[in-house]
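Have a look at final14.pdb; it's PDB, C-alpha atoms, pLDDT in the B column:
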ATOM      1  CA  MET A   1      16.498 -42.218 -34.459  1.00 41.00           C
ATOM      2  CA  ALA A   2      18.214 -45.433 -35.508  1.00 40.00           C
ATOM      3  CA  THR A   3      17.797 -48.598 -33.490  1.00 40.00           C
ATOM      4  CA  ALA A   4      21.021 -49.987 -32.101  1.00 42.00           C
ATOM      5  CA  SER A   5      22.116 -53.549 -32.706  1.00 38.00           C
ATOM      6  CA  PRO A   6      22.128 -55.930 -29.736  1.00 39.00           C
ATOM      7  CA  VAL A   7      25.269 -55.815 -27.624  1.00 45.00           C
ATOM      8  CA  SER A   8      27.766 -58.516 -28.474  1.00 38.00           C
ATOM      9  CA  ASP A   9      30.989 -59.588 -26.826  1.00 41.00           C
ATOM     10  CA  ASP A  10      32.244 -61.209 -30.010  1.00 35.00           C
ATOM     11  CA  ARG A  11      33.564 -57.991 -31.490  1.00 37.00           C
ATOM     12  CA  PRO A  12      37.299 -58.240 -32.226  1.00 35.00           C
ATOM     13  CA  SER A  13      39.705 -56.389 -29.984  1.00 39.00           C
ATOM     14  CA  VAL A  14      41.491 -53.401 -31.472  1.00 40.00           C
ATOM     15  CA  LYS A  15      45.249 -53.517 -30.934  1.00 42.00           C
ATOM     16  CA  ARG A  16      47.108 -50.229 -30.583  1.00 46.00           C
ATOM     17  CA  ARG A  17      50.694 -49.328 -29.904  1.00 48.00           C
ATOM     18  CA  SER A  18      49.630 -46.894 -27.234  1.00 58.00           C
ATOM     19  CA  SER A  19      48.983 -48.018 -23.682  1.00 62.00           C
ATOM     20  CA  ILE A  20      47.656 -46.609 -20.439  1.00 67.00           C
ATOM     21  CA  HIS A  21      50.891 -46.383 -18.489  1.00 64.00           C
ATOM     22  CA  SER A  22      49.517 -44.660 -15.420  1.00 70.00           C
ATOM     23  CA  LEU A  23      47.010 -47.379 -14.543  1.00 78.00           C
ATOM     24  CA  PRO A  24      47.775 -49.444 -11.440  1.00 77.00           C
ATOM     25  CA  PRO A  25      49.841 -52.500 -12.497  1.00 78.00           C
ATOM     26  CA  ASN A  26      47.253 -54.963 -11.163  1.00 79.00           C
ATOM     27  CA  MET A  27      44.465 -53.352 -13.191  1.00 84.00           C
ATOM     28  CA  SER A  28      44.026 -55.071 -16.553  1.00 83.00           C
ATOM     29  CA  GLU A  29      40.917 -53.248 -17.837  1.00 91.00           C
ATOM     30  CA  LEU A  30      39.745 -49.642 -18.042  1.00 94.00           C
ATOM     31  CA  ARG A  31      36.011 -48.958 -18.398  1.00 96.00           C
ATOM     32  CA  VAL A  32      35.071 -45.527 -19.773  1.00 97.00           C
ATOM     33  CA  VAL A  33      31.588 -44.044 -20.237  1.00 98.00           C
ATOM     34  CA  LEU A  34      31.260 -41.351 -22.923  1.00 98.00           C
ATOM     35  CA  LEU A  35      28.820 -38.551 -22.110  1.00 97.00           C
ATOM     36  CA  GLY A  36      28.208 -35.176 -23.717  1.00 95.00           C
ATOM     37  CA  ASN A  37      26.015 -33.052 -25.956  1.00 89.00           C
ATOM     38  CA  SER A  38      26.906 -34.528 -29.374  1.00 92.00           C
ATOM     39  CA  TRP A  39      26.709 -38.170 -30.489  1.00 94.00           C
ATOM     40  CA  SER A  40      28.998 -37.394 -33.437  1.00 94.00           C
ATOM     41  CA  GLU A  41      31.689 -35.890 -31.200  1.00 94.00           C
ATOM     42  CA  ARG A  42      31.523 -38.720 -28.661  1.00 96.00           C
ATOM     43  CA  SER A  43      31.743 -41.328 -31.400  1.00 97.00           C
ATOM     44  CA  SER A  44      34.715 -39.586 -33.017  1.00 96.00           C
ATOM     45  CA  VAL A  45      36.536 -39.561 -29.693  1.00 96.00           C
ATOM     46  CA  GLY A  46      35.724 -43.240 -29.130  1.00 97.00           C
ATOM     47  CA  ASN A  47      37.035 -44.143 -32.580  1.00 96.00           C
ATOM     48  CA  PHE A  48      40.144 -42.047 -31.928  1.00 95.00           C
ATOM     49  CA  ILE A  49      40.881 -44.056 -28.776  1.00 95.00           C
ATOM     50  CA  LEU A  50      40.221 -47.414 -30.447  1.00 93.00           C
ATOM     51  CA  GLY A  51      42.041 -46.568 -33.667  1.00 91.00           C
ATOM     52  CA  GLU A  52      39.154 -47.890 -35.747  1.00 92.00           C
ATOM     53  CA  ASN A  53      35.691 -46.710 -36.731  1.00 95.00           C
ATOM     54  CA  LYS A  54      33.677 -48.895 -34.368  1.00 95.00           C
ATOM     55  CA  PHE A  55      31.055 -46.191 -33.646  1.00 96.00           C
ATOM     56  CA  ASP A  56      28.937 -44.797 -36.468  1.00 95.00           C
ATOM     57  CA  THR A  57      29.238 -41.026 -36.145  1.00 94.00           C
ATOM     58  CA  GLU A  58      26.136 -40.379 -38.256  1.00 92.00           C
ATOM     59  CA  LYS A  59      23.467 -42.808 -37.005  1.00 90.00           C
ATOM     60  CA  GLU A  60      22.677 -42.228 -33.361  1.00 90.00           C
ATOM     61  CA  PRO A  61      21.237 -45.298 -31.584  1.00 89.00           C
ATOM     62  CA  ASP A  62      18.461 -45.167 -29.015  1.00 89.00           C
ATOM     63  CA  CYS A  63      20.465 -46.980 -26.343  1.00 92.00           C
ATOM     64  CA  CYS A  64      24.026 -47.330 -25.073  1.00 96.00           C
ATOM     65  CA  LEU A  65      26.630 -49.176 -27.150  1.00 96.00           C
ATOM     66  CA  ARG A  66      29.698 -50.974 -25.806  1.00 97.00           C
ATOM     67  CA  VAL A  67      32.948 -51.712 -27.659  1.00 96.00           C
ATOM     68  CA  ARG A  68      36.033 -53.485 -26.330  1.00 95.00           C
ATOM     69  CA  GLY A  69      39.567 -52.669 -27.419  1.00 94.00           C
ATOM     70  CA  GLN A  70      43.154 -53.559 -26.587  1.00 89.00           C
ATOM     71  CA  LEU A  71      45.944 -51.101 -25.796  1.00 84.00           C
ATOM     72  CA  LYS A  72      49.041 -53.263 -25.471  1.00 78.00           C
ATOM     73  CA  GLU A  73      48.710 -55.124 -22.190  1.00 79.00           C
ATOM     74  CA  LYS A  74      45.625 -53.183 -21.077  1.00 86.00           C
ATOM     75  CA  LYS A  75      42.040 -53.745 -22.155  1.00 92.00           C
ATOM     76  CA  ILE A  76      39.660 -50.850 -22.605  1.00 94.00           C
ATOM     77  CA  VAL A  77      35.869 -50.849 -22.679  1.00 97.00           C
ATOM     78  CA  LEU A  78      34.047 -47.826 -24.113  1.00 98.00           C
ATOM     79  CA  ILE A  79      30.340 -47.333 -23.426  1.00 98.00           C
ATOM     80  CA  ASN A  80      28.890 -44.691 -25.723  1.00 97.00           C
ATOM     81  CA  THR A  81      25.584 -43.180 -24.646  1.00 96.00           C
ATOM     82  CA  PRO A  82      22.788 -41.643 -26.731  1.00 93.00           C
ATOM     83  CA  ASP A  83      22.161 -37.916 -26.380  1.00 92.00           C
ATOM     84  CA  LEU A  84      20.927 -37.839 -22.809  1.00 93.00           C
ATOM     85  CA  LEU A  85      21.066 -34.051 -22.558  1.00 93.00           C
ATOM     86  CA  LEU A  86      17.995 -33.568 -24.725  1.00 90.00           C
ATOM     87  CA  PRO A  87      15.204 -31.859 -22.739  1.00 87.00           C
ATOM     88  CA  ASP A  88      12.463 -34.123 -24.104  1.00 88.00           C
ATOM     89  CA  ILE A  89      13.814 -37.291 -22.428  1.00 90.00           C
ATOM     90  CA  ALA A  90      11.508 -38.210 -19.554  1.00 90.00           C
ATOM     91  CA  SER A  91      13.086 -38.876 -16.168  1.00 88.00           C
ATOM     92  CA  GLU A  92      11.860 -42.485 -16.196  1.00 90.00           C
ATOM     93  CA  GLN A  93      13.493 -43.106 -19.566  1.00 91.00           C
ATOM     94  CA  LEU A  94      16.671 -41.402 -18.390  1.00 90.00           C
ATOM     95  CA  THR A  95      16.829 -43.735 -15.386  1.00 90.00           C
ATOM     96  CA  LYS A  96      16.533 -46.719 -17.737  1.00 92.00           C
ATOM     97  CA  HIS A  97      19.432 -45.394 -19.804  1.00 93.00           C
ATOM     98  CA  VAL A  98      21.558 -45.000 -16.679  1.00 92.00           C
ATOM     99  CA  LYS A  99      20.799 -48.508 -15.404  1.00 92.00           C
ATOM    100  CA  TYR A 100      21.495 -49.993 -18.819  1.00 94.00           C
ATOM    101  CA  CYS A 101      24.791 -48.113 -18.974  1.00 95.00           C
ATOM    102  CA  VAL A 102      25.683 -49.431 -15.512  1.00 92.00           C
ATOM    103  CA  SER A 103      24.974 -52.981 -16.679  1.00 93.00           C
ATOM    104  CA  LEU A 104      27.249 -52.553 -19.687  1.00 95.00           C
ATOM    105  CA  SER A 105      30.053 -51.161 -17.528  1.00 94.00           C
ATOM    106  CA  ALA A 106      29.688 -53.706 -14.703  1.00 91.00           C
ATOM    107  CA  PRO A 107      30.985 -53.948 -12.081  1.00 91.00           C
ATOM    108  CA  GLY A 108      31.252 -50.175 -12.524  1.00 92.00           C
ATOM    109  CA  PRO A 109      32.844 -47.494 -14.739  1.00 95.00           C
ATOM    110  CA  HIS A 110      36.269 -46.117 -13.904  1.00 95.00           C
ATOM    111  CA  VAL A 111      35.974 -42.818 -15.783  1.00 97.00           C
ATOM    112  CA  PHE A 112      33.252 -40.627 -17.253  1.00 98.00           C
ATOM    113  CA  LEU A 113      34.741 -38.862 -20.272  1.00 98.00           C
ATOM    114  CA  LEU A 114      32.575 -35.763 -20.806  1.00 98.00           C
ATOM    115  CA  VAL A 115      32.940 -34.725 -24.456  1.00 97.00           C
ATOM    116  CA  LEU A 116      31.526 -31.203 -24.537  1.00 96.00           C
ATOM    117  CA  LYS A 117      31.111 -28.785 -27.436  1.00 91.00           C
ATOM    118  CA  PRO A 118      31.912 -25.333 -26.042  1.00 88.00           C
ATOM    119  CA  GLU A 119      29.685 -23.379 -28.416  1.00 88.00           C
ATOM    120  CA  ASP A 120      26.668 -25.593 -27.732  1.00 89.00           C
ATOM    121  CA  PHE A 121      27.006 -26.351 -24.020  1.00 93.00           C
ATOM    122  CA  THR A 122      24.305 -24.259 -22.371  1.00 93.00           C
ATOM    123  CA  GLU A 123      23.259 -23.750 -18.772  1.00 95.00           C
ATOM    124  CA  GLU A 124      20.419 -26.201 -19.402  1.00 94.00           C
ATOM    125  CA  HIS A 125      22.907 -28.784 -20.657  1.00 95.00           C
ATOM    126  CA  LYS A 126      25.064 -28.259 -17.596  1.00 96.00           C
ATOM    127  CA  LEU A 127      22.176 -28.853 -15.201  1.00 95.00           C
ATOM    128  CA  ARG A 128      21.079 -31.889 -17.194  1.00 95.00           C
ATOM    129  CA  LEU A 129      24.559 -33.414 -17.213  1.00 96.00           C
ATOM    130  CA  GLN A 130      24.964 -32.685 -13.519  1.00 95.00           C
ATOM    131  CA  SER A 131      21.712 -34.515 -12.829  1.00 93.00           C
ATOM    132  CA  ILE A 132      22.773 -37.501 -14.969  1.00 94.00           C
ATOM    133  CA  LEU A 133      26.087 -37.853 -13.152  1.00 95.00           C
ATOM    134  CA  GLN A 134      24.338 -37.641  -9.789  1.00 93.00           C
ATOM    135  CA  ASN A 135      21.952 -40.323 -11.038  1.00 90.00           C
ATOM    136  CA  PHE A 136      24.960 -42.618 -11.349  1.00 92.00           C
ATOM    137  CA  SER A 137      26.405 -41.606  -7.985  1.00 91.00           C
ATOM    138  CA  ASP A 138      27.318 -38.571  -5.902  1.00 90.00           C
ATOM    139  CA  GLN A 139      30.926 -39.692  -6.439  1.00 93.00           C
ATOM    140  CA  SER A 140      30.670 -39.462 -10.251  1.00 95.00           C
ATOM    141  CA  PHE A 141      32.395 -36.083 -10.418  1.00 96.00           C
ATOM    142  CA  ASP A 142      35.499 -37.589  -8.804  1.00 95.00           C
ATOM    143  CA  HIS A 143      35.633 -40.043 -11.717  1.00 96.00           C
ATOM    144  CA  SER A 144      35.017 -37.480 -14.482  1.00 97.00           C
ATOM    145  CA  LEU A 145      37.311 -35.867 -17.040  1.00 98.00           C
ATOM    146  CA  VAL A 146      36.108 -33.081 -19.364  1.00 98.00           C
ATOM    147  CA  LEU A 147      37.264 -33.163 -22.994  1.00 97.00           C
ATOM    148  CA  ILE A 148      36.521 -29.874 -24.767  1.00 95.00           C
ATOM    149  CA  SER A 149      35.903 -30.612 -28.439  1.00 90.00           C
ATOM    150  CA  THR A 150      37.378 -28.360 -31.106  1.00 85.00           C
ATOM    151  CA  PRO A 151      35.119 -25.318 -31.681  1.00 80.00           C
ATOM    152  CA  ARG A 152      33.634 -24.897 -35.127  1.00 70.00           C
ATOM    153  CA  GLU A 153      35.055 -21.391 -35.202  1.00 65.00           C
ATOM    154  CA  LYS A 154      36.657 -18.825 -32.942  1.00 52.00           C
ATOM    155  CA  ARG A 155      33.455 -16.920 -32.420  1.00 46.00           C
ATOM    156  CA  SER A 156      34.594 -14.281 -29.978  1.00 45.00           C
ATOM    157  CA  ALA A 157      37.395 -12.813 -27.924  1.00 42.00           C
ATOM    158  CA  ILE A 158      36.403 -15.185 -25.113  1.00 42.00           C
ATOM    159  CA  MET A 159      36.972 -18.204 -27.334  1.00 45.00           C
ATOM    160  CA  SER A 160      40.208 -16.793 -28.759  1.00 44.00           C
ATOM    161  CA  LYS A 161      41.573 -16.439 -25.234  1.00 48.00           C
ATOM    162  CA  ASP A 162      40.746 -20.102 -24.623  1.00 55.00           C
ATOM    163  CA  VAL A 163      38.469 -19.178 -21.723  1.00 54.00           C
ATOM    164  CA  PRO A 164      35.367 -21.404 -21.758  1.00 68.00           C
ATOM    165  CA  ASP A 165      31.872 -20.024 -21.279  1.00 86.00           C
ATOM    166  CA  GLN A 166      30.434 -20.101 -17.776  1.00 93.00           C
ATOM    167  CA  PRO A 167      28.413 -23.362 -17.995  1.00 95.00           C
ATOM    168  CA  LEU A 168      31.512 -25.189 -19.218  1.00 95.00           C
ATOM    169  CA  LYS A 169      33.662 -23.541 -16.545  1.00 95.00           C
ATOM    170  CA  ASP A 170      31.174 -24.676 -13.910  1.00 96.00           C
ATOM    171  CA  MET A 171      31.264 -28.262 -15.172  1.00 97.00           C
ATOM    172  CA  ILE A 172      35.064 -28.286 -15.192  1.00 96.00           C
ATOM    173  CA  SER A 173      35.025 -27.022 -11.607  1.00 96.00           C
ATOM    174  CA  MET A 174      32.604 -29.806 -10.578  1.00 96.00           C
ATOM    175  CA  CYS A 175      35.038 -32.321 -12.116  1.00 96.00           C
ATOM    176  CA  ARG A 176      37.869 -31.085  -9.847  1.00 95.00           C
ATOM    177  CA  ASN A 177      39.326 -28.975 -12.684  1.00 96.00           C
ATOM    178  CA  ARG A 178      40.237 -32.030 -14.771  1.00 96.00           C
ATOM    179  CA  TYR A 179      39.946 -31.164 -18.453  1.00 96.00           C
ATOM    180  CA  LEU A 180      41.658 -31.482 -21.826  1.00 95.00           C
ATOM    181  CA  LYS A 181      41.219 -29.767 -25.189  1.00 95.00           C
ATOM    182  CA  GLN A 182      40.678 -31.985 -28.187  1.00 92.00           C
ATOM    183  CA  GLU A 183      42.445 -29.608 -30.549  1.00 90.00           C
ATOM    184  CA  ASN A 184      45.936 -30.976 -31.324  1.00 91.00           C
ATOM    185  CA  LEU A 185      45.430 -33.676 -28.693  1.00 93.00           C
ATOM    186  CA  GLU A 186      47.478 -36.843 -29.125  1.00 94.00           C
ATOM    187  CA  LEU A 187      46.336 -40.242 -27.948  1.00 93.00           C
ATOM    188  CA  PRO A 188      49.113 -40.835 -25.361  1.00 92.00           C
ATOM    189  CA  GLU A 189      48.171 -37.614 -23.570  1.00 94.00           C
ATOM    190  CA  LEU A 190      44.483 -38.562 -23.450  1.00 95.00           C
ATOM    191  CA  LEU A 191      45.270 -42.066 -22.185  1.00 93.00           C
ATOM    192  CA  THR A 192      47.620 -40.655 -19.557  1.00 92.00           C
ATOM    193  CA  ARG A 193      44.913 -38.333 -18.240  1.00 94.00           C
ATOM    194  CA  LEU A 194      42.388 -41.167 -18.162  1.00 94.00           C
ATOM    195  CA  GLY A 195      44.880 -43.250 -16.218  1.00 91.00           C
ATOM    196  CA  GLN A 196      45.609 -40.420 -13.806  1.00 92.00           C
ATOM    197  CA  THR A 197      41.895 -40.002 -13.122  1.00 93.00           C
ATOM    198  CA  VAL A 198      41.711 -43.681 -12.176  1.00 93.00           C
ATOM    199  CA  LYS A 199      44.905 -43.536 -10.160  1.00 89.00           C
ATOM    200  CA  ASN A 200      43.537 -40.614  -8.136  1.00 87.00           C
ATOM    201  CA  LYS A 201      40.795 -42.988  -6.986  1.00 86.00           C
ATOM    202  CA  ASN A 202      43.333 -45.728  -6.173  1.00 84.00           C
ATOM    203  CA  GLY A 203      42.265 -47.729  -9.212  1.00 85.00           C
ATOM    204  CA  GLY A 204      38.719 -48.126  -7.927  1.00 89.00           C
ATOM    205  CA  HIS A 205      35.617 -48.019 -10.082  1.00 91.00           C
ATOM    206  CA  LEU A 206      32.389 -46.173  -9.366  1.00 91.00           C
ATOM    207  CA  ILE A 207      29.901 -48.138  -7.281  1.00 87.00           C
ATOM    208  CA  TYR A 208      26.299 -47.788  -8.396  1.00 81.00           C
ATOM    209  CA  GLU A 209      24.083 -48.491  -5.406  1.00 67.00           C
ATOM    210  CA  GLY A 210      21.274 -49.978  -7.474  1.00 60.00           C
ATOM    211  CA  PHE A 211      23.450 -52.432  -9.388  1.00 49.00           C
ATOM    212  CA  GLU A 212      23.166 -55.271  -6.885  1.00 48.00           C
ATOM    213  CA  ASP A 213      19.404 -55.085  -7.220  1.00 45.00           C
ATOM    214  CA  ALA A 214      19.701 -55.430 -11.003  1.00 41.00           C
ATOM    215  CA  ALA A 215      22.020 -58.429 -11.071  1.00 41.00           C
ATOM    216  CA  PRO A 216      21.395 -61.919  -9.708  1.00 35.00           C
ATOM    217  CA  ALA A 217      23.891 -63.748  -7.570  1.00 28.00           C
ATOM    218  CA  MET A 218      26.867 -65.085  -9.490  1.00 28.00           C
ATOM    219  CA  ALA A 219      27.678 -68.785  -9.367  1.00 29.00           C
ATOM    220  CA  HIS A 220      31.440 -69.291  -9.500  1.00 32.00           C
ATOM    221  CA  ASP A 221      33.374 -72.402 -10.345  1.00 29.00           C
ATOM    222  CA  GLN A 222      36.571 -71.918  -8.346  1.00 30.00           C
ATOM    223  CA  GLU A 223      38.559 -74.339 -10.450  1.00 36.00           C
ATOM    224  CA  SER A 224      37.614 -72.560 -13.695  1.00 33.00           C
ATOM    225  CA  LEU A 225      38.509 -69.191 -12.181  1.00 31.00           C
ATOM    226  CA  LYS A 226      42.057 -70.458 -11.718  1.00 34.00           C
ATOM    227  CA  ARG A 227      42.252 -71.283 -15.422  1.00 37.00           C
ATOM    228  CA  ALA A 228      40.692 -68.053 -16.727  1.00 35.00           C
ATOM    229  CA  GLU A 229      39.998 -64.526 -15.538  1.00 32.00           C
ATOM    230  CA  ARG A 230      36.719 -64.136 -17.355  1.00 35.00           C
ATOM    231  CA  VAL A 231      33.392 -65.073 -15.942  1.00 31.00           C
ATOM    232  CA  ARG A 232      30.320 -65.062 -18.136  1.00 31.00           C
ATOM    233  CA  PHE A 233      26.884 -64.645 -16.697  1.00 32.00           C
ATOM    234  CA  LYS A 234      23.581 -63.135 -17.612  1.00 35.00           C
ATOM    235  CA  VAL A 235      22.178 -60.024 -16.034  1.00 36.00           C
ATOM    236  CA  ASN A 236      18.463 -59.433 -15.747  1.00 38.00           C
ATOM    237  CA  PRO A 237      18.481 -55.662 -16.278  1.00 43.00           C
ATOM    238  CA  PRO A 238      15.636 -53.178 -16.216  1.00 41.00           C
ATOM    239  CA  LYS A 239      13.760 -53.071 -19.493  1.00 43.00           C
ATOM    240  CA  ALA A 240      16.195 -52.027 -22.189  1.00 43.00           C
ATOM    241  CA  VAL A 241      15.379 -48.992 -24.278  1.00 42.00           C
ATOM    242  CA  GLY A 242      14.131 -49.669 -27.795  1.00 45.00           C
ATOM    243  CA  LYS A 243      15.036 -53.104 -29.110  1.00 44.00           C
ATOM    244  CA  CYS A 244      18.293 -53.443 -27.203  1.00 45.00           C
ATOM    245  CA  ARG A 245      19.161 -56.647 -25.413  1.00 40.00           C
ATOM    246  CA  ILE A 246      22.040 -57.397 -23.111  1.00 38.00           C
ATOM    247  CA  VAL A 247      24.619 -60.118 -23.152  1.00 36.00           C
ATOM    248  CA  ILE A 248      27.183 -59.175 -20.538  1.00 35.00           C
ATOM    249  CA  GLN A 249      30.714 -60.380 -20.043  1.00 39.00           C
ATOM    250  CA  LEU A 250      32.311 -59.126 -16.861  1.00 36.00           C
ATOM    251  CA  VAL A 251      36.041 -58.980 -16.529  1.00 38.00           C
ATOM    252  CA  ARG A 252      37.680 -59.306 -13.148  1.00 38.00           C
ATOM    253  CA  THR A 253      40.155 -56.498 -12.995  1.00 40.00           C
ATOM    254  CA  LEU A 254      41.063 -55.661  -9.437  1.00 40.00           C
TER     255      LEU A 254
END

Please re-express this file's structure in structure tokens.
Amino acid sequence: MATASPVSDDRPSVKRRSSIHSLPPNMSELRVVLLGNSWSERSSVGNFILGENKFDTEKEPDCCLRVRGQLKEKKIVLINTPDLLLPDIASEQLTKHVKYCVSLSAPGPHVFLLVLKPEDFTEEHKLRLQSILQNFSDQSFDHSLVLISTPREKRSAIMSKDVPDQPLKDMISMCRNRYLKQENLELPELLTRLGQTVKNKNGGHLIYEGFEDAAPAMAHDQESLKRAERVRFKVNPPKAVGKCRIVIQLVRTL
């Protein structure tokens, strides 16, 4: 498995004509965590949103990657995760992944976009993904949107009737029946659904209970805050997986 490059905040923003119209007007940034059972599919979706190939669809890293983009007046932050649904990932390592993901999405993610391959999403995957979301928070399902990736083939009458298999149906139900199909999906529709998911939570982000323990107190210069919205500070996270390091830039959004 390839080793990911250190996180950097110097990556250029990606400007798109599309915007997230349904976000609250006082919310300038949307933070989205990509989860699912295929790195290639998640990366393709991330690149589709950004309008540029920022995620390598072939080389899967061993830790989370973050990319910032710009959609008109709204900023978007995508955190792409490694394949956390693999059964050979120890629980301790999984917890490290979750805490690292939380650090990258600080002060908390707005939406979990669950990119799921219908033909490969098993009962084991469902239970694993359920456990991962609960590891973030019991409220994670209220912040989740399922994106069903395009099947490789119409394998059966069930698929041809567009009725997902039971594990996928169960996951959609856990996510309050919020789902989209990637096939023939256009970017404005996806952005609208992401915005609606946030709006249903009154623009609030998920609160990870362990985050305050992972981050030191922030020292603010009130005069500088009046001149700029961004505050840079270092987070002392749990040990990063592999060779990853963190340099965090938090954006005040609400």

For segment 201-204 of chain A, please output as number ranges by chain all residues within 7 Å (counting all atoms listed in the file; exclusion window: fewer than 4 positions along the same chain). A: 24, 110, 197

Show me as a list in words the residues that reach within 6 Å of (40.1, -27.3, -25.5), counting all atoms listed in the file and using the file's own coordinates. Ile148, Leu180, Lys181 and Gln182 of chain A

For this structure, which residues satisfy the selection - the PyMOL selection byres ((chain A and resi 121-135) around 10) - when it is evaluated on the file as given? I want them as a PyMOL selection string. chain A and resi 35-38+84-87+91+94-95+97-99+112+114+116-120+136-141+143-144+164-171+174+208

Between atom CA of Glu73 of chain A and atom CA of Arg42 of chain A, what is the spacing in Å? 24.6 Å

So that I can see what lies close to Val32 of chain A, please list as a PyMOL selection string the residues with an atom at most 7 Å from it, counting all atoms listed in the file and leaving out residues fewer than 3 positions away in the same chain. chain A and resi 77-79+109-113

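You will find atom CA of Asn177 of chain A at 24.0 Å from atom CA of Ile76 of chain A.
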
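A straight line drawn from atom CA of Gln70 of chain A to atom CA of Leu30 of chain A is 10.0 Å long.
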
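Minimum atom-to-atom distances from A:Ile207, A:Ile172, A:Leu191, A:Cys63 to Trp39 of chain A were compared using all atoms listed in the file, and the lowest value belongs to A:Cys63.
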
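With all atoms listed in the file as the atoms that count, the residue of A:Glu92, A:Arg68, A:Met27, A:Cys175 with the shortest distance to Gly51 of chain A is A:Arg68.
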
Listed atoms of segment 36-39 of chain A boxed along x, y and z, 6 Å each side, centre and edge lengths in Å, one decimal, as AutoDock Vina command-line options:
--center_x 27.1 --center_y -35.6 --center_z -27.1 --size_x 14.2 --size_y 17.1 --size_z 18.8

Near-Ser40 of chain A list (12 Å; only C-alpha atoms; drop same-chain fewer than 4 positions) as a PDB file with C-alpha atoms, keeping the file's coordinate frame:
ATOM      1  CA  LEU A  34      31.260 -41.351 -22.923  1.00 98.00           C
ATOM      2  CA  LEU A  35      28.820 -38.551 -22.110  1.00 97.00           C
ATOM      3  CA  GLY A  36      28.208 -35.176 -23.717  1.00 95.00           C
ATOM      4  CA  SER A  44      34.715 -39.586 -33.017  1.00 96.00           C
ATOM      5  CA  VAL A  45      36.536 -39.561 -29.693  1.00 96.00           C
ATOM      6  CA  GLY A  46      35.724 -43.240 -29.130  1.00 97.00           C
ATOM      7  CA  ASN A  47      37.035 -44.143 -32.580  1.00 96.00           C
ATOM      8  CA  ASN A  53      35.691 -46.710 -36.731  1.00 95.00           C
ATOM      9  CA  PHE A  55      31.055 -46.191 -33.646  1.00 96.00           C
ATOM     10  CA  ASP A  56      28.937 -44.797 -36.468  1.00 95.00           C
ATOM     11  CA  THR A  57      29.238 -41.026 -36.145  1.00 94.00           C
ATOM     12  CA  GLU A  58      26.136 -40.379 -38.256  1.00 92.00           C
ATOM     13  CA  LYS A  59      23.467 -42.808 -37.005  1.00 90.00           C
ATOM     14  CA  GLU A  60      22.677 -42.228 -33.361  1.00 90.00           C
ATOM     15  CA  PRO A  61      21.237 -45.298 -31.584  1.00 89.00           C
ATOM     16  CA  ASN A  80      28.890 -44.691 -25.723  1.00 97.00           C
ATOM     17  CA  THR A  81      25.584 -43.180 -24.646  1.00 96.00           C
ATOM     18  CA  PRO A  82      22.788 -41.643 -26.731  1.00 93.00           C
ATOM     19  CA  ASP A  83      22.161 -37.916 -26.380  1.00 92.00           C
ATOM     20  CA  VAL A 115      32.940 -34.725 -24.456  1.00 97.00           C
ATOM     21  CA  LEU A 116      31.526 -31.203 -24.537  1.00 96.00           C
ATOM     22  CA  LYS A 117      31.111 -28.785 -27.436  1.00 91.00           C
ATOM     23  CA  SER A 149      35.903 -30.612 -28.439  1.00 90.00           C
TER      24      SER A 149
END

Counting all atoms listed in the file, figure out which residue out of A:Leu145, A:Tyr100, A:Phe48, A:Lys75 gets nearest to Asp62 of chain A. A:Tyr100
